[in-house]
>>> print(open('work.txt').read())   # compact mmCIF, C-alpha atoms
# COMPACT_ATOMS: atom_id res chain seq x y z
CA MET A 286 36.52 21.09 -15.74
CA PRO A 287 34.67 24.19 -14.45
CA LEU A 288 31.39 22.54 -15.48
CA LEU A 289 32.29 19.33 -13.64
CA ALA A 290 33.33 21.29 -10.55
CA GLY A 291 30.07 23.22 -10.62
CA LEU A 292 28.05 20.00 -10.97
CA LEU A 293 29.93 18.44 -8.07
CA LEU A 294 29.28 21.49 -5.93
CA LEU A 295 25.58 21.29 -6.78
CA VAL A 296 25.51 17.65 -5.68
CA GLN A 297 27.28 18.52 -2.43
CA LEU A 298 24.84 21.33 -1.70
CA SER A 299 21.89 19.02 -2.42
CA PHE A 300 23.14 16.46 0.09
CA ALA A 301 23.96 19.19 2.62
CA ILE A 302 20.45 20.67 2.32
CA HIS A 303 18.95 17.19 2.67
CA ALA A 304 20.96 16.64 5.85
CA LEU A 305 19.75 19.95 7.31
CA LYS A 306 16.10 19.47 6.36
CA THR A 307 15.92 15.93 7.69
CA GLY A 308 17.58 16.76 11.01
CA ARG A 309 20.78 14.77 10.52
CA PRO A 310 23.75 15.58 12.79
CA TYR A 311 25.60 18.74 11.78
CA TRP A 312 28.90 16.89 11.37
CA TRP A 313 27.49 15.44 8.15
CA MET A 314 27.93 18.93 6.68
CA PHE A 315 31.66 18.70 7.33
CA VAL A 316 31.90 15.22 5.78
CA ILE A 317 29.92 16.20 2.67
CA MET A 318 31.73 19.48 2.02
CA SER A 319 35.23 18.31 2.95
CA PHE A 320 35.22 15.13 0.85
CA PRO A 321 33.27 16.01 -2.32
CA VAL A 322 32.81 12.53 -3.82
CA MET A 323 33.47 10.13 -0.96
CA GLY A 324 31.54 12.25 1.56
CA CYS A 325 28.42 12.29 -0.62
CA MET A 326 28.67 8.55 -1.25
CA ILE A 327 29.06 7.76 2.45
CA TYR A 328 26.10 9.99 3.34
CA TYR A 329 23.92 8.36 0.69
CA PHE A 330 24.62 4.77 1.70
CA VAL A 331 24.46 5.45 5.45
CA GLU A 332 21.53 7.88 5.68
CA VAL A 333 19.53 7.85 2.43
CA PHE A 334 19.67 4.38 0.88
CA PRO A 335 18.43 2.37 3.94
CA ASN A 336 15.13 4.31 3.86
CA SER A 337 14.78 4.48 0.09
CA ARG A 338 12.43 2.63 -2.22
CA GLU A 339 15.46 1.00 -3.85
CA HIS A 340 16.51 -0.49 -0.51
CA ARG A 341 13.02 -1.79 0.19
CA THR A 342 12.86 -3.28 -3.30
CA ALA A 343 16.25 -4.93 -2.85
CA HIS A 344 15.19 -6.31 0.53
CA LYS A 345 11.94 -7.70 -0.90
CA THR A 346 13.82 -9.24 -3.81
CA ALA A 347 16.24 -10.92 -1.43
CA ARG A 348 13.37 -12.30 0.64
CA LYS A 349 11.70 -13.66 -2.50
CA LEU A 350 14.94 -15.34 -3.52
CA VAL A 351 15.31 -16.97 -0.10
CA ARG A 352 11.71 -18.18 -0.24
CA ALA A 353 12.27 -19.57 -3.74
CA LEU A 354 15.38 -21.47 -2.65
CA GLN A 355 14.03 -22.51 0.74
CA PRO A 356 10.23 -22.18 0.57
CA ASN A 357 9.61 -23.71 4.00
CA ALA A 358 12.54 -22.18 5.87
CA GLU A 359 10.50 -19.50 7.63
CA LEU A 360 7.77 -22.01 8.48
CA HIS A 361 10.30 -24.35 10.09
CA LYS A 362 11.90 -21.44 11.93
CA ARG A 363 8.57 -20.34 13.40
CA ALA A 364 7.70 -23.90 14.39
CA GLU A 365 11.04 -24.30 16.18
CA GLU A 366 10.54 -21.00 18.00
CA LEU A 367 7.13 -22.18 19.19
CA GLU A 368 8.64 -25.45 20.46
CA ILE A 369 11.16 -23.45 22.49
CA CYS A 370 8.63 -20.95 23.81
CA GLY A 371 4.86 -21.38 23.51
CA SER A 372 4.15 -17.66 23.76
CA THR A 373 1.21 -15.98 22.06
CA ASP A 374 3.58 -14.02 19.81
CA ASN A 375 5.20 -17.22 18.58
CA LYS A 376 1.80 -18.82 17.97
CA LEU A 377 0.68 -15.82 15.95
CA ALA A 378 3.90 -15.80 13.92
CA LEU A 379 3.51 -19.50 13.08
CA ALA A 380 -0.18 -19.02 12.28
CA ALA A 381 0.70 -16.29 9.79
CA GLU A 382 3.25 -18.59 8.12
CA CYS A 383 0.70 -21.43 8.02
CA THR A 384 -1.73 -19.10 6.26
CA ALA A 385 0.97 -18.13 3.75
CA HIS A 386 1.50 -21.85 3.01
CA ASP A 387 -2.27 -22.56 2.68
CA MET A 388 -2.21 -24.59 5.89
CA HIS A 389 -5.46 -23.02 7.01
CA ASP A 390 -6.61 -25.69 9.47
CA ASP A 391 -3.32 -25.38 11.35
CA ALA A 392 -3.62 -21.59 11.32
CA ILE A 393 -7.16 -21.79 12.69
CA LYS A 394 -6.07 -24.05 15.57
CA LEU A 395 -3.21 -21.70 16.45
CA TYR A 396 -5.39 -18.59 16.38
CA GLU A 397 -8.06 -20.27 18.49
CA SER A 398 -5.45 -21.35 21.03
CA CYS A 399 -4.53 -17.67 21.47
CA LEU A 400 -8.10 -16.58 22.28
CA GLN A 401 -7.61 -16.84 26.02
CA GLY A 402 -7.15 -14.46 28.92
CA VAL A 403 -6.49 -10.89 27.82
CA PHE A 404 -6.70 -11.99 24.17
CA GLN A 405 -10.13 -13.58 24.52
CA ASN A 406 -11.87 -10.77 22.64
CA ASP A 407 -8.88 -9.29 20.81
CA GLY A 408 -10.19 -7.72 17.60
CA ALA A 409 -7.05 -8.19 15.50
CA LEU A 410 -6.77 -11.84 16.54
CA LEU A 411 -10.44 -12.50 15.79
CA PHE A 412 -10.04 -10.85 12.38
CA ASN A 413 -7.08 -13.07 11.51
CA LEU A 414 -9.03 -16.12 12.67
CA ALA A 415 -12.01 -15.07 10.55
CA ARG A 416 -9.79 -14.63 7.51
CA ALA A 417 -8.19 -18.05 8.08
CA THR A 418 -11.60 -19.72 8.30
CA VAL A 419 -12.67 -18.03 5.08
CA GLU A 420 -9.47 -19.04 3.28
CA GLY A 421 -10.04 -22.58 4.57
CA GLU A 422 -13.65 -22.44 3.31
CA ASN A 423 -14.98 -23.31 6.74
CA TRP A 424 -18.10 -21.24 6.22
CA ALA A 425 -19.97 -22.07 9.44
CA ARG A 426 -16.98 -21.29 11.64
CA ALA A 427 -16.26 -18.17 9.58
CA THR A 428 -19.80 -16.88 10.13
CA ALA A 429 -19.57 -17.50 13.88
CA THR A 430 -16.15 -15.85 14.11
CA LEU A 431 -17.31 -12.74 12.24
CA ALA A 432 -20.29 -12.44 14.58
CA ARG A 433 -17.92 -12.66 17.53
CA LEU A 434 -15.61 -10.08 15.95
CA LYS A 435 -18.45 -7.61 15.37
CA ALA A 436 -19.52 -7.93 18.99
CA ALA A 437 -16.00 -7.51 20.36
CA ALA A 438 -14.68 -4.85 17.94
CA PRO A 439 -17.53 -3.41 15.83
CA THR A 440 -15.40 -0.64 14.28
CA LEU A 441 -12.36 -2.76 13.35
CA ARG A 442 -11.59 -2.84 9.60
CA PRO A 443 -15.25 -2.61 8.55
CA LEU A 444 -14.68 -2.82 4.79
CA GLU A 445 -12.45 -5.88 5.09
CA VAL A 446 -14.99 -7.50 7.39
CA ARG A 447 -17.68 -6.87 4.76
CA LEU A 448 -15.39 -8.39 2.13
CA LEU A 449 -15.14 -11.55 4.25
CA GLU A 450 -18.94 -11.56 4.50
CA ALA A 451 -19.17 -11.39 0.70
CA ARG A 452 -16.80 -14.34 0.37
CA ILE A 453 -18.83 -16.34 2.89
CA ALA A 454 -21.99 -15.59 0.92
CA GLU A 455 -20.22 -16.77 -2.24
CA GLY A 456 -19.06 -19.93 -0.52
CA GLN A 457 -22.60 -20.67 0.61
CA GLU A 458 -23.86 -20.01 -2.95
CA GLN A 459 -25.77 -16.90 -1.88
CA VAL A 460 -24.72 -15.14 -5.06
CA ASP A 461 -27.16 -12.23 -4.96
CA ALA A 462 -26.20 -11.43 -1.38
CA ALA A 463 -22.50 -11.54 -2.29
CA LEU A 464 -22.99 -9.24 -5.28
CA ALA A 465 -24.93 -6.78 -3.12
CA ILE A 466 -22.12 -6.63 -0.56
CA TYR A 467 -19.49 -6.14 -3.27
CA ARG A 468 -21.44 -3.28 -4.82
CA ASP A 469 -21.83 -1.72 -1.38
CA ILE A 470 -18.11 -1.72 -0.50
CA LEU A 471 -16.49 -1.07 -3.89
CA PRO A 472 -16.76 2.75 -3.84
CA ALA A 473 -14.79 2.96 -0.59
CA PHE A 474 -12.52 -0.08 -0.89
CA VAL A 475 -8.91 1.00 -1.44
CA GLY A 476 -7.22 -2.13 -2.77
CA PHE A 477 -7.94 -4.25 -5.83
CA GLU A 478 -9.10 -7.43 -4.10
CA ALA A 479 -12.77 -6.54 -3.72
CA HIS A 480 -12.98 -5.33 -7.33
CA CYS A 481 -11.30 -8.47 -8.68
CA ARG A 482 -13.47 -10.81 -6.64
CA TYR A 483 -16.58 -8.93 -7.76
CA GLY A 484 -15.48 -9.08 -11.41
CA ASP A 485 -14.67 -12.78 -11.08
CA LEU A 486 -18.12 -13.52 -9.65
CA LEU A 487 -19.75 -11.61 -12.51
CA ARG A 488 -17.63 -13.55 -15.01
CA ARG A 489 -18.59 -16.88 -13.46
CA ARG A 490 -22.24 -15.88 -13.81
CA GLY A 491 -21.69 -15.28 -17.51
CA GLN A 492 -21.79 -11.47 -17.28
CA HIS A 493 -18.55 -11.05 -19.24
CA GLU A 494 -19.10 -7.46 -20.37
CA ALA A 495 -19.81 -6.24 -16.84
CA ALA A 496 -16.85 -8.25 -15.54
CA ASN A 497 -14.51 -6.74 -18.14
CA GLN A 498 -15.60 -3.25 -17.11
CA VAL A 499 -14.61 -4.01 -13.51
CA PHE A 500 -11.24 -5.47 -14.56
CA ASP A 501 -10.61 -2.52 -16.90
CA GLU A 502 -11.16 -0.14 -13.99
CA VAL A 503 -8.61 -2.04 -11.89
CA ILE A 504 -6.04 -1.71 -14.67
CA LYS A 505 -6.76 2.01 -15.11
CA ARG A 506 -6.39 2.63 -11.38
CA ALA A 507 -3.11 0.74 -11.38
CA LYS A 508 -1.76 2.99 -14.11
CA ARG A 509 -2.67 6.07 -12.08
CA PHE A 510 -1.44 4.93 -8.68
CA LYS A 511 1.26 2.33 -9.53
CA PRO A 512 0.77 -0.11 -6.63
CA GLY A 513 3.97 -1.28 -4.96
CA VAL A 514 2.53 -3.92 -2.63
CA ASP A 515 3.09 -7.47 -3.86
CA GLU A 516 -0.47 -8.52 -3.09
CA GLU A 517 -1.88 -5.63 -5.14
CA GLN A 518 0.40 -6.58 -8.03
CA GLU A 519 -1.00 -10.11 -7.86
CA TRP A 520 -4.57 -8.82 -8.08
CA LEU A 521 -3.58 -6.59 -10.99
CA SER A 522 -2.16 -9.62 -12.80
CA PHE A 523 -5.38 -11.48 -12.02
CA ALA A 524 -7.43 -8.68 -13.60
CA ARG A 525 -5.31 -8.74 -16.76
CA ARG A 526 -5.55 -12.52 -17.08
CA SER A 527 -9.29 -12.44 -16.48
CA ILE A 528 -9.92 -10.03 -19.34
CA VAL A 529 -7.92 -12.17 -21.72
CA ASN A 530 -9.71 -15.33 -20.68
CA SER A 531 -13.23 -13.88 -20.66
>>> encode(input="work.txt", output="structure tokens")
Amino acid sequence: MPLLAGLLLLVQLSFAIHALKTGRPYWWMFVIMSFPVMGCMIYYFVEVFPNSREHRTAHKTARKLVRALQPNAELHKRAEELEICGSTDNKLALAAECTAHDMHDDAIKLYESCLQGVFQNDGALLFNLARATVEGENWARATATLARLKAAAPTLRPLEVRLLEARIAEGQEQVDAALAIYRDILPAFVGFEAHCRYGDLLRRRGQHEAANQVFDEVIKRAKRFKPGVDEEQEWLSFARRSIVNS
């Protein structure tokens, strides 16, 4: 019993110190210390859990489940919102959903419809349009959009812009140009996408050993940094599959 009481006191003090350090209201001290078990539980679920990794994971899992059961629910919701109000925000929200559903032509039309007035040279909007044109393999429009983006916002997301340029070069079968761009951006590129696309291009050219080295590096980096973003996990899975299939 003394050991259990001491452990409980340690838990209480830990929560109390957390409340003080994070600037929570002082009355939490009373709740935590006055109600040893229930007070700590209430504090955790009210103040700690909503901002925790576990909560974010649970939220993401719930969203995945909803998408699995109703894959087009969000798309329909965004379309209905746009019918009610044709605002730029609603157009952008629907365009993002169209991109997520591989409806790239629809996304392109929506983004282009937003490029008016104060948004005519909006860098973020132009970047999203450029990405949609690349995903839709509309290489001519993608090239023109990137040129417009560079003129309007030359410092916006430079590495990601270069990645789009590499993909355009690939799409236009300018393989050497694409490889040169990949090699240029890889040292500074944070995510796995550029590395995986570079390795995939090497593999498709028959350079399996070089491709495996790139994929191996992706896997090693993942072990060190443990990516939590879904998209990064997908690229990691791609790297693993690519080594097996090489």
>>> residues_around(input="work.txt", residues="Leu448 (chain A)", least_positions_apart="4", cutoff="7 Å", atoms="all atoms listed in the file", output="PyMOL selection string")
chain A and resi 444+452+479
>>> atom_distance(input="work.txt", atom1="CA of Phe500 (chain A)", atom2="CA of Arg525 (chain A)")
7.1 Å
>>> closest_residue(input="work.txt", among="A:Ala432, A:Trp313, A:Pro321, A:Val460", to="Val446 (chain A)", atoms="all atoms listed in the file")
A:Ala432
>>> closest_residue(input="work.txt", among="A:Ala425, A:Ala465, A:Ala507, A:Ala495", to="Phe477 (chain A)", atoms="only C-alpha atoms")
A:Ala507
>>> residues_around(input="work.txt", residues="Gly456 (chain A)", least_positions_apart="5", cutoff="10 Å", atoms="all atoms listed in the file", output="ChimeraX atom specification")
/A:419,422-424,450-451,463
>>> residues_around(input="work.txt", residues="Arg488 (chain A)", least_positions_apart="5", cutoff="10 Å", atoms="only C-alpha atoms", output="PyMOL selection string")
chain A and resi 482-483+493-497+527-528+530-531
>>> write_last_selection(input="work.txt", atoms="C-alpha atoms", output="compact mmCIF listing (two decimals), in the coordinates of the input")
# COMPACT_ATOMS: atom_id res chain seq x y z
CA ARG A 482 -13.47 -10.81 -6.64
CA TYR A 483 -16.58 -8.93 -7.76
CA HIS A 493 -18.55 -11.05 -19.24
CA GLU A 494 -19.10 -7.46 -20.37
CA ALA A 495 -19.81 -6.24 -16.84
CA ALA A 496 -16.85 -8.25 -15.54
CA ASN A 497 -14.51 -6.74 -18.14
CA SER A 527 -9.29 -12.44 -16.48
CA ILE A 528 -9.92 -10.03 -19.34
CA ASN A 530 -9.71 -15.33 -20.68
CA SER A 531 -13.23 -13.88 -20.66
>>> atom_distance(input="work.txt", atom1="CA of Ile466 (chain A)", atom2="CA of Glu445 (chain A)")
11.2 Å
>>> closest_residue(input="work.txt", among="A:Leu464, A:Ala417, A:Leu294, A:Ala409", to="Lys394 (chain A)", atoms="only C-alpha atoms")
A:Ala417
>>> atom_distance(input="work.txt", atom1="CA of Cys481 (chain A)", atom2="CA of Trp520 (chain A)")
6.8 Å
>>> closest_residue(input="work.txt", among="A:Arg506, A:His386, A:Lys306, A:Arg447", to="Gly421 (chain A)", atoms="all atoms listed in the file")
A:His386
>>> closest_residue(input="work.txt", among="A:Val296, A:Ala385, A:Arg433, A:Thr440", to="Glu420 (chain A)", atoms="all atoms listed in the file")
A:Ala385
>>> closest_residue(input="work.txt", among="A:Asn406, A:Asn413, A:Ser398, A:Thr307", to="Ala381 (chain A)", atoms="all atoms listed in the file")
A:Asn413
>>> residues_around(input="work.txt", residues="Glu517 (chain A)", least_positions_apart="3", cutoff="12 Å", atoms="all atoms listed in the file", output="PDB file with C-alpha atoms, keeping the file's coordinate frame")
ATOM      1  CA  VAL A 475      -8.910   1.000  -1.440  1.00  0.00           C
ATOM      2  CA  GLY A 476      -7.220  -2.130  -2.770  1.00  0.00           C
ATOM      3  CA  PHE A 477      -7.940  -4.250  -5.830  1.00  0.00           C
ATOM      4  CA  GLU A 478      -9.100  -7.430  -4.100  1.00  0.00           C
ATOM      5  CA  ALA A 479     -12.770  -6.540  -3.720  1.00  0.00           C
ATOM      6  CA  HIS A 480     -12.980  -5.330  -7.330  1.00  0.00           C
ATOM      7  CA  CYS A 481     -11.300  -8.470  -8.680  1.00  0.00           C
ATOM      8  CA  VAL A 503      -8.610  -2.040 -11.890  1.00  0.00           C
ATOM      9  CA  ILE A 504      -6.040  -1.710 -14.670  1.00  0.00           C
ATOM     10  CA  ARG A 506      -6.390   2.630 -11.380  1.00  0.00           C
ATOM     11  CA  ALA A 507      -3.110   0.740 -11.380  1.00  0.00           C
ATOM     12  CA  PHE A 510      -1.440   4.930  -8.680  1.00  0.00           C
ATOM     13  CA  LYS A 511       1.260   2.330  -9.530  1.00  0.00           C
ATOM     14  CA  PRO A 512       0.770  -0.110  -6.630  1.00  0.00           C
ATOM     15  CA  GLY A 513       3.970  -1.280  -4.960  1.00  0.00           C
ATOM     16  CA  VAL A 514       2.530  -3.920  -2.630  1.00  0.00           C
ATOM     17  CA  TRP A 520      -4.570  -8.820  -8.080  1.00  0.00           C
ATOM     18  CA  LEU A 521      -3.580  -6.590 -10.990  1.00  0.00           C
ATOM     19  CA  SER A 522      -2.160  -9.620 -12.800  1.00  0.00           C
ATOM     20  CA  PHE A 523      -5.380 -11.480 -12.020  1.00  0.00           C
ATOM     21  CA  ALA A 524      -7.430  -8.680 -13.600  1.00  0.00           C
TER      22      ALA A 524
END
>>> residues_around(input="work.txt", residues="Ala304 (chain A)", least_positions_apart="3", cutoff="9 Å", atoms="all atoms listed in the file", output="list in words")
Ser299, Phe300, Ala301, Thr307, Gly308, Arg309, Pro310, Tyr311, Trp313, Met314, Tyr328 and Glu332 of chain A
>>> build_atoms(input="work.txt", residues="region 463-486 of chain A", atoms="N, CA, C and O atoms", output="PDB file, in the coordinates of the input")
ATOM      1  N   ALA A 463     -23.919 -11.873  -2.098  1.00  0.00           N
ATOM      2  CA  ALA A 463     -22.500 -11.540  -2.290  1.00  0.00           C
ATOM      3  C   ALA A 463     -22.346 -10.349  -3.233  1.00  0.00           C
ATOM      4  O   ALA A 463     -21.571  -9.425  -2.959  1.00  0.00           O
ATOM      5  N   LEU A 464     -23.072 -10.352  -4.333  1.00  0.00           N
ATOM      6  CA  LEU A 464     -22.990  -9.240  -5.280  1.00  0.00           C
ATOM      7  C   LEU A 464     -23.414  -7.925  -4.631  1.00  0.00           C
ATOM      8  O   LEU A 464     -22.804  -6.876  -4.864  1.00  0.00           O
ATOM      9  N   ALA A 465     -24.442  -7.986  -3.790  1.00  0.00           N
ATOM     10  CA  ALA A 465     -24.930  -6.780  -3.120  1.00  0.00           C
ATOM     11  C   ALA A 465     -23.859  -6.213  -2.182  1.00  0.00           C
ATOM     12  O   ALA A 465     -23.657  -4.991  -2.109  1.00  0.00           O
ATOM     13  N   ILE A 466     -23.177  -7.093  -1.475  1.00  0.00           N
ATOM     14  CA  ILE A 466     -22.120  -6.630  -0.560  1.00  0.00           C
ATOM     15  C   ILE A 466     -20.969  -6.021  -1.356  1.00  0.00           C
ATOM     16  O   ILE A 466     -20.437  -4.957  -1.007  1.00  0.00           O
ATOM     17  N   TYR A 467     -20.569  -6.683  -2.438  1.00  0.00           N
ATOM     18  CA  TYR A 467     -19.490  -6.140  -3.270  1.00  0.00           C
ATOM     19  C   TYR A 467     -19.836  -4.744  -3.771  1.00  0.00           C
ATOM     20  O   TYR A 467     -19.025  -3.819  -3.695  1.00  0.00           O
ATOM     21  N   ARG A 468     -21.045  -4.588  -4.288  1.00  0.00           N
ATOM     22  CA  ARG A 468     -21.440  -3.280  -4.820  1.00  0.00           C
ATOM     23  C   ARG A 468     -21.460  -2.224  -3.719  1.00  0.00           C
ATOM     24  O   ARG A 468     -21.194  -1.042  -3.968  1.00  0.00           O
ATOM     25  N   ASP A 469     -21.758  -2.651  -2.503  1.00  0.00           N
ATOM     26  CA  ASP A 469     -21.830  -1.720  -1.380  1.00  0.00           C
ATOM     27  C   ASP A 469     -20.443  -1.217  -0.974  1.00  0.00           C
ATOM     28  O   ASP A 469     -20.269  -0.044  -0.644  1.00  0.00           O
ATOM     29  N   ILE A 470     -19.439  -2.089  -1.021  1.00  0.00           N
ATOM     30  CA  ILE A 470     -18.110  -1.720  -0.500  1.00  0.00           C
ATOM     31  C   ILE A 470     -17.163  -1.188  -1.569  1.00  0.00           C
ATOM     32  O   ILE A 470     -16.178  -0.526  -1.240  1.00  0.00           O
ATOM     33  N   LEU A 471     -17.432  -1.465  -2.841  1.00  0.00           N
ATOM     34  CA  LEU A 471     -16.490  -1.070  -3.890  1.00  0.00           C
ATOM     35  C   LEU A 471     -16.145   0.413  -3.910  1.00  0.00           C
ATOM     36  O   LEU A 471     -14.975   0.767  -4.083  1.00  0.00           O
ATOM     37  N   PRO A 472     -17.122   1.331  -3.760  1.00  0.00           N
ATOM     38  CA  PRO A 472     -16.760   2.750  -3.840  1.00  0.00           C
ATOM     39  C   PRO A 472     -15.726   3.195  -2.810  1.00  0.00           C
ATOM     40  O   PRO A 472     -14.965   4.135  -3.055  1.00  0.00           O
ATOM     41  N   ALA A 473     -15.694   2.536  -1.655  1.00  0.00           N
ATOM     42  CA  ALA A 473     -14.790   2.960  -0.590  1.00  0.00           C
ATOM     43  C   ALA A 473     -13.595   2.034  -0.417  1.00  0.00           C
ATOM     44  O   ALA A 473     -12.654   2.362   0.309  1.00  0.00           O
ATOM     45  N   PHE A 474     -13.592   0.893  -1.100  1.00  0.00           N
ATOM     46  CA  PHE A 474     -12.520  -0.080  -0.890  1.00  0.00           C
ATOM     47  C   PHE A 474     -11.263   0.375  -1.618  1.00  0.00           C
ATOM     48  O   PHE A 474     -11.287   0.668  -2.812  1.00  0.00           O
ATOM     49  N   VAL A 475     -10.142   0.421  -0.898  1.00  0.00           N
ATOM     50  CA  VAL A 475      -8.910   1.000  -1.440  1.00  0.00           C
ATOM     51  C   VAL A 475      -8.181   0.044  -2.371  1.00  0.00           C
ATOM     52  O   VAL A 475      -7.773   0.414  -3.461  1.00  0.00           O
ATOM     53  N   GLY A 476      -8.002  -1.185  -1.977  1.00  0.00           N
ATOM     54  CA  GLY A 476      -7.220  -2.130  -2.770  1.00  0.00           C
ATOM     55  C   GLY A 476      -8.007  -2.711  -3.930  1.00  0.00           C
ATOM     56  O   GLY A 476      -9.165  -2.354  -4.184  1.00  0.00           O
ATOM     57  N   PHE A 477      -7.348  -3.645  -4.637  1.00  0.00           N
ATOM     58  CA  PHE A 477      -7.940  -4.250  -5.830  1.00  0.00           C
ATOM     59  C   PHE A 477      -8.707  -5.532  -5.536  1.00  0.00           C
ATOM     60  O   PHE A 477      -9.438  -6.010  -6.399  1.00  0.00           O
ATOM     61  N   GLU A 478      -8.537  -6.108  -4.359  1.00  0.00           N
ATOM     62  CA  GLU A 478      -9.100  -7.430  -4.100  1.00  0.00           C
ATOM     63  C   GLU A 478     -10.609  -7.471  -4.269  1.00  0.00           C
ATOM     64  O   GLU A 478     -11.138  -8.362  -4.959  1.00  0.00           O
ATOM     65  N   ALA A 479     -11.308  -6.532  -3.651  1.00  0.00           N
ATOM     66  CA  ALA A 479     -12.770  -6.540  -3.720  1.00  0.00           C
ATOM     67  C   ALA A 479     -13.244  -6.406  -5.166  1.00  0.00           C
ATOM     68  O   ALA A 479     -14.185  -7.092  -5.600  1.00  0.00           O
ATOM     69  N   HIS A 480     -12.604  -5.528  -5.930  1.00  0.00           N
ATOM     70  CA  HIS A 480     -12.980  -5.330  -7.330  1.00  0.00           C
ATOM     71  C   HIS A 480     -12.760  -6.610  -8.133  1.00  0.00           C
ATOM     72  O   HIS A 480     -13.610  -6.999  -8.948  1.00  0.00           O
ATOM     73  N   CYS A 481     -11.610  -7.252  -7.922  1.00  0.00           N
ATOM     74  CA  CYS A 481     -11.300  -8.470  -8.680  1.00  0.00           C
ATOM     75  C   CYS A 481     -12.242  -9.604  -8.308  1.00  0.00           C
ATOM     76  O   CYS A 481     -12.675 -10.369  -9.187  1.00  0.00           O
ATOM     77  N   ARG A 482     -12.548  -9.740  -7.047  1.00  0.00           N
ATOM     78  CA  ARG A 482     -13.470 -10.810  -6.640  1.00  0.00           C
ATOM     79  C   ARG A 482     -14.875 -10.539  -7.186  1.00  0.00           C
ATOM     80  O   ARG A 482     -15.577 -11.474  -7.600  1.00  0.00           O
ATOM     81  N   TYR A 483     -15.279  -9.295  -7.199  1.00  0.00           N
ATOM     82  CA  TYR A 483     -16.580  -8.930  -7.760  1.00  0.00           C
ATOM     83  C   TYR A 483     -16.599  -9.236  -9.260  1.00  0.00           C
ATOM     84  O   TYR A 483     -17.541  -9.863  -9.771  1.00  0.00           O
ATOM     85  N   GLY A 484     -15.553  -8.807  -9.985  1.00  0.00           N
ATOM     86  CA  GLY A 484     -15.480  -9.080 -11.410  1.00  0.00           C
ATOM     87  C   GLY A 484     -15.459 -10.573 -11.699  1.00  0.00           C
ATOM     88  O   GLY A 484     -16.100 -11.042 -12.653  1.00  0.00           O
ATOM     89  N   ASP A 485     -14.750 -11.333 -10.877  1.00  0.00           N
ATOM     90  CA  ASP A 485     -14.670 -12.780 -11.080  1.00  0.00           C
ATOM     91  C   ASP A 485     -16.029 -13.438 -10.881  1.00  0.00           C
ATOM     92  O   ASP A 485     -16.401 -14.350 -11.623  1.00  0.00           O
ATOM     93  N   LEU A 486     -16.785 -12.970  -9.890  1.00  0.00           N
ATOM     94  CA  LEU A 486     -18.120 -13.520  -9.650  1.00  0.00           C
ATOM     95  C   LEU A 486     -19.049 -13.203 -10.822  1.00  0.00           C
ATOM     96  O   LEU A 486     -19.827 -14.060 -11.265  1.00  0.00           O
TER      97      LEU A 486
END
